[in-house]
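**Student:** My structure is in upload37.cif, and what it holds is mmCIF, C-alpha atoms:
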```cif
data_protein
#
loop_
_atom_site.label_atom_id
_atom_site.label_comp_id
_atom_site.auth_asym_id
_atom_site.auth_seq_id
_atom_site.Cartn_x
_atom_site.Cartn_y
_atom_site.Cartn_z
CA MET A 1 -143.54 -113.84 139.55
CA SER A 2 -145.99 -112.03 137.29
CA SER A 3 -144.88 -108.64 138.61
CA SER A 4 -141.22 -109.54 138.03
CA SER A 5 -141.93 -110.73 134.50
CA SER A 6 -143.81 -107.52 133.74
CA SER A 7 -140.89 -105.46 135.06
CA ALA A 8 -138.57 -107.56 132.88
CA LYS A 9 -140.76 -106.70 129.89
CA ARG A 10 -140.67 -103.03 130.86
CA GLU A 11 -136.86 -103.09 131.00
CA VAL A 12 -136.60 -104.82 127.60
CA LEU A 13 -138.92 -102.24 126.04
CA ALA A 14 -137.04 -99.35 127.65
CA ALA A 15 -133.70 -100.68 126.40
CA THR A 16 -135.06 -101.14 122.90
CA ARG A 17 -136.46 -97.61 122.87
CA ASP A 18 -133.19 -96.18 124.23
CA SER A 19 -131.24 -98.14 121.60
CA LEU A 20 -132.89 -96.27 118.73
CA PRO A 21 -130.25 -93.51 118.50
CA ILE A 22 -127.57 -96.18 118.88
CA TRP A 23 -128.93 -97.99 115.80
CA VAL A 24 -128.56 -94.75 113.86
CA GLY A 25 -125.03 -94.26 115.16
CA VAL A 26 -123.72 -97.82 114.90
CA THR A 27 -125.12 -98.76 111.48
CA PRO A 28 -122.70 -96.58 109.47
CA PHE A 29 -119.75 -98.13 111.32
CA GLY A 30 -121.03 -101.65 110.62
CA LEU A 31 -121.56 -100.75 106.96
CA VAL A 32 -118.05 -99.39 106.67
CA PHE A 33 -116.61 -102.43 108.42
CA GLY A 34 -118.45 -104.74 106.02
CA LEU A 35 -117.27 -102.70 103.03
CA LEU A 36 -113.63 -102.49 104.08
CA SER A 37 -113.44 -106.10 105.24
CA GLN A 38 -113.74 -107.26 101.66
CA GLN A 39 -110.38 -105.71 100.82
CA THR A 40 -108.64 -108.17 103.19
CA GLU A 41 -108.20 -111.92 103.46
CA LEU A 42 -111.18 -112.13 105.84
CA GLY A 43 -113.64 -112.76 103.03
CA VAL A 44 -117.39 -112.87 103.53
CA PHE A 45 -117.46 -115.55 106.23
CA GLY A 46 -114.43 -114.20 108.08
CA ALA A 47 -116.00 -110.74 108.28
CA LEU A 48 -119.35 -112.13 109.44
CA ALA A 49 -117.63 -114.37 112.00
CA MET A 50 -115.53 -111.50 113.32
CA SER A 51 -118.61 -109.33 113.87
CA ALA A 52 -120.45 -112.21 115.53
CA PHE A 53 -117.72 -113.57 117.81
CA VAL A 54 -115.39 -110.64 118.47
CA PHE A 55 -118.23 -108.06 118.35
CA ALA A 56 -115.99 -105.06 119.11
CA GLY A 57 -116.09 -102.25 116.56
CA SER A 58 -112.86 -100.41 117.36
CA ALA A 59 -110.81 -103.60 117.59
CA GLN A 60 -112.30 -104.88 114.35
CA PHE A 61 -111.44 -101.68 112.49
CA ILE A 62 -107.90 -101.71 113.81
CA ALA A 63 -107.59 -105.38 112.85
CA LEU A 64 -108.64 -104.48 109.29
CA GLY A 65 -105.98 -101.79 109.15
CA LEU A 66 -103.35 -104.20 110.42
CA LEU A 67 -104.44 -106.95 108.02
CA GLN A 68 -104.18 -104.56 105.09
CA VAL A 69 -100.52 -103.88 105.83
CA GLY A 70 -99.78 -107.57 106.37
CA THR A 71 -99.28 -107.56 110.16
CA ALA A 72 -98.45 -110.87 111.87
CA TYR A 73 -101.56 -112.41 113.45
CA PRO A 74 -100.17 -112.62 117.02
CA LEU A 75 -99.57 -108.88 116.93
CA ILE A 76 -103.17 -108.31 115.81
CA VAL A 77 -104.38 -110.38 118.76
CA LEU A 78 -102.20 -108.41 121.17
CA THR A 79 -103.49 -105.12 119.74
CA THR A 80 -107.05 -106.40 120.15
CA LEU A 81 -106.35 -107.08 123.81
CA VAL A 82 -104.94 -103.59 124.39
CA VAL A 83 -107.75 -101.86 122.50
CA ASN A 84 -110.31 -103.72 124.57
CA LEU A 85 -108.74 -103.10 127.98
CA ARG A 86 -111.31 -100.37 128.53
CA HIS A 87 -113.86 -103.16 129.01
CA LEU A 88 -112.18 -103.85 132.37
CA LEU A 89 -113.33 -100.42 133.48
CA TYR A 90 -116.84 -100.92 132.14
CA GLY A 91 -117.05 -104.36 133.74
CA ALA A 92 -115.89 -103.02 137.10
CA SER A 93 -118.42 -100.21 136.86
CA LEU A 94 -121.38 -102.49 136.12
CA ALA A 95 -120.33 -105.46 138.28
CA PRO A 96 -121.77 -104.14 141.60
CA HIS A 97 -125.20 -103.89 139.94
CA ILE A 98 -125.27 -107.47 138.65
CA GLN A 99 -123.45 -109.17 141.52
CA ARG A 100 -126.46 -111.14 142.70
CA LEU A 101 -127.14 -112.75 139.30
CA ARG A 102 -126.27 -116.37 138.61
CA PRO A 103 -122.81 -116.89 137.03
CA ALA A 104 -124.37 -118.08 133.77
CA TRP A 105 -126.26 -114.77 133.48
CA ARG A 106 -123.14 -112.75 134.19
CA ARG A 107 -121.09 -114.72 131.67
CA PHE A 108 -123.71 -114.12 129.02
CA LEU A 109 -124.16 -110.42 129.80
CA ALA A 110 -120.37 -109.96 129.69
CA PHE A 111 -120.25 -111.15 126.07
CA GLY A 112 -122.39 -108.21 124.93
CA LEU A 113 -120.51 -105.50 126.81
CA THR A 114 -119.62 -102.68 124.36
CA ASP A 115 -119.09 -98.92 124.57
CA GLU A 116 -122.71 -98.44 123.56
CA SER A 117 -124.37 -101.03 125.78
CA TYR A 118 -122.27 -99.82 128.70
CA ALA A 119 -123.36 -96.26 128.02
CA LEU A 120 -127.04 -97.19 127.99
CA THR A 121 -126.91 -99.63 130.90
CA VAL A 122 -124.88 -97.53 133.32
CA THR A 123 -127.28 -94.66 132.68
CA ARG A 124 -130.24 -96.92 133.48
CA PHE A 125 -128.55 -98.26 136.61
CA THR A 126 -127.63 -94.82 137.96
CA HIS A 127 -130.68 -92.78 137.00
CA ALA A 128 -133.73 -94.96 136.93
CA ASP A 129 -135.20 -97.30 139.44
CA ALA A 130 -134.79 -100.59 137.60
CA ALA A 131 -136.43 -102.38 140.56
CA GLY A 132 -134.13 -105.40 140.45
CA SER A 133 -134.82 -106.07 136.77
CA GLY A 134 -131.97 -104.00 135.38
CA HIS A 135 -130.24 -107.08 134.01
CA TRP A 136 -133.07 -107.37 131.48
CA TYR A 137 -132.28 -103.86 130.36
CA PHE A 138 -128.58 -104.78 130.03
CA LEU A 139 -129.49 -107.93 128.07
CA ALA A 140 -131.83 -106.12 125.68
CA ALA A 141 -129.33 -103.29 125.10
CA ASN A 142 -126.68 -105.88 124.25
CA ALA A 143 -129.09 -107.73 121.96
CA ASN A 144 -130.10 -104.55 120.10
CA ILE A 145 -126.51 -103.56 119.45
CA PHE A 146 -125.54 -107.12 118.51
CA VAL A 147 -128.33 -107.43 115.95
CA CYS A 148 -127.57 -103.97 114.57
CA TRP A 149 -123.87 -104.81 114.23
CA GLN A 150 -124.55 -108.12 112.42
CA LEU A 151 -127.11 -106.64 110.02
CA SER A 152 -124.99 -103.61 109.17
CA THR A 153 -121.87 -105.76 108.67
CA ALA A 154 -123.80 -108.05 106.32
CA LEU A 155 -125.25 -105.08 104.44
CA GLY A 156 -121.78 -103.55 104.10
CA ILE A 157 -120.47 -106.80 102.63
CA LEU A 158 -123.40 -106.91 100.20
CA LEU A 159 -122.80 -103.33 99.14
CA SER A 160 -119.02 -103.65 98.91
CA GLY A 161 -117.81 -102.62 95.52
CA TRP A 162 -120.50 -100.13 94.51
CA VAL A 163 -121.13 -97.70 97.36
CA GLY A 164 -119.16 -94.86 98.89
CA ASP A 165 -118.26 -94.24 102.51
CA PRO A 166 -121.36 -93.73 104.71
CA SER A 167 -119.31 -91.62 107.12
CA ALA A 168 -119.01 -89.15 104.25
CA MET A 169 -122.74 -88.48 104.86
CA GLY A 170 -121.93 -87.49 108.43
CA LEU A 171 -123.82 -90.40 109.92
CA ASP A 172 -120.80 -91.18 112.08
CA PHE A 173 -121.62 -87.99 113.97
CA ALA A 174 -124.80 -89.66 115.26
CA LEU A 175 -122.71 -91.88 117.52
CA TYR A 176 -120.90 -88.96 119.12
CA ALA A 177 -124.21 -87.14 119.48
CA THR A 178 -125.57 -90.17 121.33
CA PHE A 179 -122.60 -90.20 123.68
CA ILE A 180 -123.10 -86.48 124.35
CA GLY A 181 -126.77 -87.08 125.09
CA LEU A 182 -125.79 -89.77 127.57
CA LEU A 183 -122.90 -87.84 129.12
CA ILE A 184 -124.59 -84.55 130.02
CA PRO A 185 -127.09 -85.96 132.57
CA HIS A 186 -124.16 -87.63 134.39
CA ILE A 187 -122.57 -84.24 135.13
CA ARG A 188 -124.29 -83.58 138.44
CA ASP A 189 -121.64 -81.99 140.65
CA ARG A 190 -118.31 -80.18 140.62
CA ALA A 191 -116.37 -83.41 140.97
CA ALA A 192 -117.96 -84.66 137.74
CA VAL A 193 -117.01 -81.39 136.00
CA VAL A 194 -113.41 -81.94 137.12
CA ALA A 195 -113.55 -85.50 135.73
CA VAL A 196 -114.89 -84.20 132.39
CA LEU A 197 -112.15 -81.57 132.09
CA VAL A 198 -109.37 -84.02 132.94
CA ALA A 199 -110.78 -86.72 130.63
CA GLY A 200 -111.09 -84.27 127.74
CA VAL A 201 -107.60 -82.84 128.07
CA VAL A 202 -105.88 -86.21 128.60
CA ALA A 203 -107.82 -87.89 125.78
CA LEU A 204 -106.86 -85.07 123.44
CA LEU A 205 -103.19 -85.10 124.44
CA ALA A 206 -102.97 -88.90 124.36
CA ARG A 207 -104.99 -89.44 121.18
CA ASP A 208 -101.95 -90.64 119.21
CA LEU A 209 -101.18 -93.48 121.61
CA PRO A 210 -101.61 -96.85 119.92
CA GLY A 211 -104.92 -98.66 120.17
CA LYS A 212 -107.34 -96.98 122.52
CA LEU A 213 -104.78 -96.58 125.29
CA GLY A 214 -105.40 -92.84 125.33
CA LEU A 215 -109.04 -93.47 126.20
CA LEU A 216 -108.08 -95.86 128.98
CA LEU A 217 -105.49 -93.46 130.40
CA ALA A 218 -107.92 -90.54 130.23
CA ALA A 219 -110.66 -92.49 131.98
CA LEU A 220 -108.33 -93.72 134.75
CA LEU A 221 -106.86 -90.28 135.44
CA ALA A 222 -110.21 -88.50 135.20
CA ALA A 223 -112.00 -90.86 137.58
CA SER A 224 -109.10 -90.46 140.03
CA ALA A 225 -109.24 -86.67 139.70
CA GLY A 226 -112.97 -86.72 140.36
CA LEU A 227 -112.49 -88.86 143.46
CA LEU A 228 -109.64 -86.65 144.66
CA TRP A 229 -111.76 -83.51 144.24
CA ASP A 230 -114.56 -85.21 146.11
CA ARG A 231 -112.26 -86.08 149.03
CA LEU A 232 -110.60 -82.64 149.19
CA THR A 233 -113.88 -80.74 149.24
CA VAL A 234 -115.81 -83.20 151.35
CA GLY A 235 -116.16 -80.80 154.28
CA ALA A 236 -117.04 -77.72 152.26
CA ASN A 237 -119.53 -79.26 149.87
CA PRO A 238 -120.69 -82.74 150.83
CA SER A 239 -121.17 -84.12 147.30
CA GLY A 240 -123.34 -81.13 146.42
CA ARG A 241 -125.84 -81.87 143.70
CA PRO A 242 -126.96 -78.63 142.10
CA SER A 243 -129.60 -80.19 139.90
CA GLY A 244 -132.11 -82.90 140.74
CA LYS A 245 -130.98 -86.49 140.46
CA LYS A 246 -133.70 -87.85 138.20
CA LYS A 247 -135.45 -84.94 136.60
CA GLU A 248 -134.31 -81.45 135.92
CA THR A 249 -135.70 -79.00 138.42
CA SER A 250 -137.80 -76.33 136.77
CA GLN A 251 -135.80 -73.86 134.74
CA MET B 1 -113.60 -120.41 101.89
CA THR B 2 -112.11 -118.92 105.06
CA SER B 3 -108.57 -120.17 105.63
CA LEU B 4 -107.50 -121.94 108.82
CA PRO B 5 -105.16 -119.13 109.98
CA VAL B 6 -108.01 -116.62 109.62
CA VAL B 7 -110.26 -118.87 111.71
CA GLY B 8 -107.50 -119.01 114.35
CA LEU B 9 -107.08 -115.22 114.26
CA ILE B 10 -110.80 -114.62 114.79
CA ALA B 11 -110.95 -117.22 117.59
CA ALA B 12 -107.98 -115.64 119.39
CA MET B 13 -109.40 -112.12 118.99
CA ALA B 14 -112.75 -113.33 120.33
CA LEU B 15 -111.04 -114.98 123.31
CA VAL B 16 -108.97 -111.97 124.42
CA THR B 17 -111.93 -109.64 123.88
CA TYR B 18 -114.17 -111.80 126.01
CA ALA B 19 -111.47 -111.95 128.70
CA THR B 20 -111.50 -108.14 128.97
CA ARG B 21 -115.29 -108.16 129.22
CA TYR B 22 -115.68 -110.91 131.77
CA THR B 23 -112.69 -110.42 134.10
CA MET B 24 -114.10 -107.64 136.30
CA ILE B 25 -117.67 -108.89 136.16
CA GLY B 26 -116.45 -112.34 137.24
CA LEU B 27 -114.03 -111.11 139.90
CA LEU B 28 -116.17 -108.43 141.48
CA GLY B 29 -119.02 -110.88 141.75
CA ARG B 30 -117.05 -112.47 144.57
CA LEU B 31 -115.65 -109.48 146.45
CA THR B 32 -117.22 -106.30 147.77
CA LEU B 33 -115.56 -102.99 147.06
CA PRO B 34 -114.76 -100.28 149.63
CA ASP B 35 -116.69 -96.99 149.47
CA TRP B 36 -113.92 -95.01 147.79
CA ALA B 37 -113.69 -97.58 145.00
CA LEU B 38 -117.42 -97.43 144.38
CA ARG B 39 -117.25 -93.63 144.27
CA TRP B 40 -114.29 -93.89 141.86
CA LEU B 41 -116.34 -96.17 139.63
CA GLU B 42 -119.16 -93.61 139.58
CA PHE B 43 -116.84 -91.29 137.68
CA VAL B 44 -116.01 -93.90 135.05
CA PRO B 45 -118.98 -93.25 132.73
CA VAL B 46 -118.40 -89.48 132.76
CA ALA B 47 -114.70 -89.98 132.09
CA ALA B 48 -115.19 -92.63 129.40
CA PHE B 49 -117.89 -90.71 127.46
CA THR B 50 -115.78 -87.56 127.51
CA ALA B 51 -112.71 -89.47 126.34
CA LEU B 52 -114.72 -90.94 123.46
CA ILE B 53 -116.29 -87.62 122.42
CA VAL B 54 -113.51 -85.04 122.75
CA PRO B 55 -110.83 -86.37 120.38
CA ALA B 56 -113.45 -87.48 117.83
CA THR B 57 -115.06 -84.03 117.66
CA LEU B 58 -112.20 -81.60 118.38
CA ALA B 59 -109.67 -83.48 116.26
CA PRO B 60 -111.73 -85.47 113.74
CA GLN B 61 -108.83 -85.67 111.27
CA GLY B 62 -106.21 -86.28 113.94
CA ARG B 63 -105.21 -82.64 114.43
CA VAL B 64 -107.00 -80.30 116.83
CA ASN B 65 -109.23 -78.06 114.75
CA LEU B 66 -111.34 -75.36 116.44
CA SER B 67 -112.09 -73.36 113.31
CA PHE B 68 -115.52 -73.05 111.74
CA SER B 69 -114.58 -75.72 109.20
CA ASN B 70 -114.69 -78.37 111.93
CA HIS B 71 -118.41 -79.21 111.82
CA TYR B 72 -117.96 -81.99 114.36
CA ALA B 73 -116.89 -79.55 117.08
CA TRP B 74 -119.68 -77.02 116.51
CA ALA B 75 -122.37 -79.65 116.11
CA ALA B 76 -121.09 -81.29 119.32
CA LEU B 77 -121.45 -77.96 121.15
CA ILE B 78 -125.05 -77.64 119.93
CA CYS B 79 -125.66 -81.24 121.01
CA ALA B 80 -124.35 -80.50 124.48
CA LEU B 81 -126.66 -77.47 124.82
CA VAL B 82 -129.69 -79.44 123.65
CA ALA B 83 -128.79 -82.34 125.97
CA TRP B 84 -128.40 -79.93 128.88
CA ARG B 85 -131.77 -78.26 128.27
CA THR B 86 -133.83 -81.31 127.29
CA ARG B 87 -132.09 -84.31 128.95
CA HIS B 88 -133.43 -86.32 126.04
CA THR B 89 -131.02 -88.51 124.08
CA LEU B 90 -133.07 -88.89 120.90
CA ALA B 91 -133.82 -85.16 120.76
CA THR B 92 -130.11 -84.54 121.23
CA VAL B 93 -129.16 -86.85 118.36
CA VAL B 94 -131.77 -85.40 116.00
CA ALA B 95 -130.73 -81.82 116.83
CA GLY B 96 -127.06 -82.75 116.53
CA LEU B 97 -127.42 -84.38 113.12
CA ALA B 98 -129.55 -81.47 111.88
CA ALA B 99 -126.91 -79.02 113.09
CA PHE B 100 -124.15 -81.12 111.53
CA TRP B 101 -125.85 -81.24 108.13
CA LEU B 102 -126.73 -77.53 108.27
CA LEU B 103 -123.12 -76.60 109.08
CA ARG B 104 -121.89 -78.78 106.26
CA TRP B 105 -124.42 -77.26 103.84
CA LEU B 106 -123.31 -73.76 104.88
CA GLY B 107 -119.78 -74.95 104.14
#
```
Can the structure from this file be put into structure tokens for me?
**Tutor:**
Amino acid sequence: MSSSSSSAKREVLAATRDSLPIWVGVTPFGLVFGLLSQQTELGVFGALAMSAFVFAGSAQFIALGLLQVGTAYPLIVLTTLVVNLRHLLYGASLAPHIQRLRPAWRRFLAFGLTDESYALTVTRFTHADAAGSGHWYFLAANANIFVCWQLSTALGILLSGWVGDPSAMGLDFALYATFIGLLIPHIRDRAAVVAVLVAGVVALLARDLPGKLGLLLAALLAASAGLLWDRLTVGANPSGRPSGKKKETSQ
Amino acid sequence: MTSLPVVGLIAAMALVTYATRYTMIGLLGRLTLPDWALRWLEFVPVAAFTALIVPATLAPQGRVNLSFSNHYAWAALICALVAWRTRHTLATVVAGLAAFWLLRWLG
């Protein structure tokens, strides 16, 4: 018991440390959401409640845009569903790692699933030996991003009216930089390179699709392309891994 | 005060969002996946990260822009190099932001 509680503590600390760049990247988006929300009928409490209960940045931004042009509420809900379909993929990807947890744990972890917590958690699950305590990492990553999102939304609401756009300072780039930092170590073999190329091209071509459908389409096609490459080359190069799995071999 | 329709809107958005988050975690808790499906899922993070990064950096204003004026694209390239050499996320973010601001300062 004591060893499992110390490994839980280690996972929470690791997730909090790994969340640091995410705080830098997410805060500007929360600020902007808080700022923009005050130009709609959401009001202070509506904006705070949306960040707390919906807790999905992209969907919230799109909802703001739709509210501003007077879209019917059912259509906003439908758009929210479509924009968030990518969570199905994330859920499917993480599910095998948290299968043995009690349903209450899984229900609670699911609430915090975001692009960012998925990015951190899947990296932890695939690269590090979480020694059966990985769910604590998942939980702490979710909690960090949740707290960051609530604080930055509230700050944005407070500042609304007398501050410019924080993305004008380029802080929005921090989020993409974080995703790049998380992506590169995942590219371990040719099949992954194929997946990256397909995902990039499809996402670029499909970027004008409504909601985040382009992202979903790109991810589905790219994962399939990676699998296909893997199957076609299975005899020639049995899932060849040029670089080490955990640490870079000496350069 | 928040109006009743707005409360309903937020509740419905929260419900459908949670449904997308929980569905696979709930379902897959009960069934085991074949090998090919697990391998397919291994590609999901790579595919999803790339799909998030590429349009945002190569077409930050909606149109593909590979000229020097697109600081997002060049800073992203520097990020990728730093990530590849260091495998360190925080170092990557710091280097990326520094590159982004430098490019912007250079104009």
**Student:** Counting all atoms listed in the file, which residues from chain A have an atom at most 7 Å from any atom of chain B, and could you show them as a PyMOL selection string?
**Tutor:** chain A and resi 21+42-43+45-46+50+53-54+73+77+80-81+84-85+87-88+91-93+95+99+106-107+110-111+113+173-174+176-186+192+195-196+199-200+203-204+207+215+218-219+222-224+226-227
**Student:** Could you tell me, as an mmCIF file with C-alpha atoms, in the frame of the given file, exactly which residues end up selected when the PyMOL selection byres ((chain A and resi 148) around 9) is applied to this structure?
**Tutor:**
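Final output, saved to out_25.cif:
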```cif
data_model
loop_
_atom_site.group_PDB
_atom_site.id
_atom_site.type_symbol
_atom_site.label_atom_id
_atom_site.label_comp_id
_atom_site.auth_asym_id
_atom_site.auth_seq_id
_atom_site.Cartn_x
_atom_site.Cartn_y
_atom_site.Cartn_z
ATOM 1 C CA ILE A 22 -127.570 -96.180 118.880
ATOM 2 C CA TRP A 23 -128.930 -97.990 115.800
ATOM 3 C CA VAL A 26 -123.720 -97.820 114.900
ATOM 4 C CA THR A 27 -125.120 -98.760 111.480
ATOM 5 C CA GLY A 30 -121.030 -101.650 110.620
ATOM 6 C CA ALA A 143 -129.090 -107.730 121.960
ATOM 7 C CA ASN A 144 -130.100 -104.550 120.100
ATOM 8 C CA ILE A 145 -126.510 -103.560 119.450
ATOM 9 C CA PHE A 146 -125.540 -107.120 118.510
ATOM 10 C CA VAL A 147 -128.330 -107.430 115.950
ATOM 11 C CA TRP A 149 -123.870 -104.810 114.230
ATOM 12 C CA GLN A 150 -124.550 -108.120 112.420
ATOM 13 C CA LEU A 151 -127.110 -106.640 110.020
ATOM 14 C CA SER A 152 -124.990 -103.610 109.170
ATOM 15 C CA THR A 153 -121.870 -105.760 108.670
#
```
**Student:** Determine the residue membership of the PyMOL selection byres ((chain A and resi 36-39) around 10) for the file above and supply it as a PyMOL selection string.
**Tutor:** chain A and resi 30-35+40-44+46-48+50+60-61+63-65+67-68+153+156-158+160-161+165
**Student:** One number please: atom CA of Gly25 of chain A to atom CA of Asp172 of chain A, in Å, one decimal.
**Tutor:**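 Distance reported for this atom pair: 6.1 Å.
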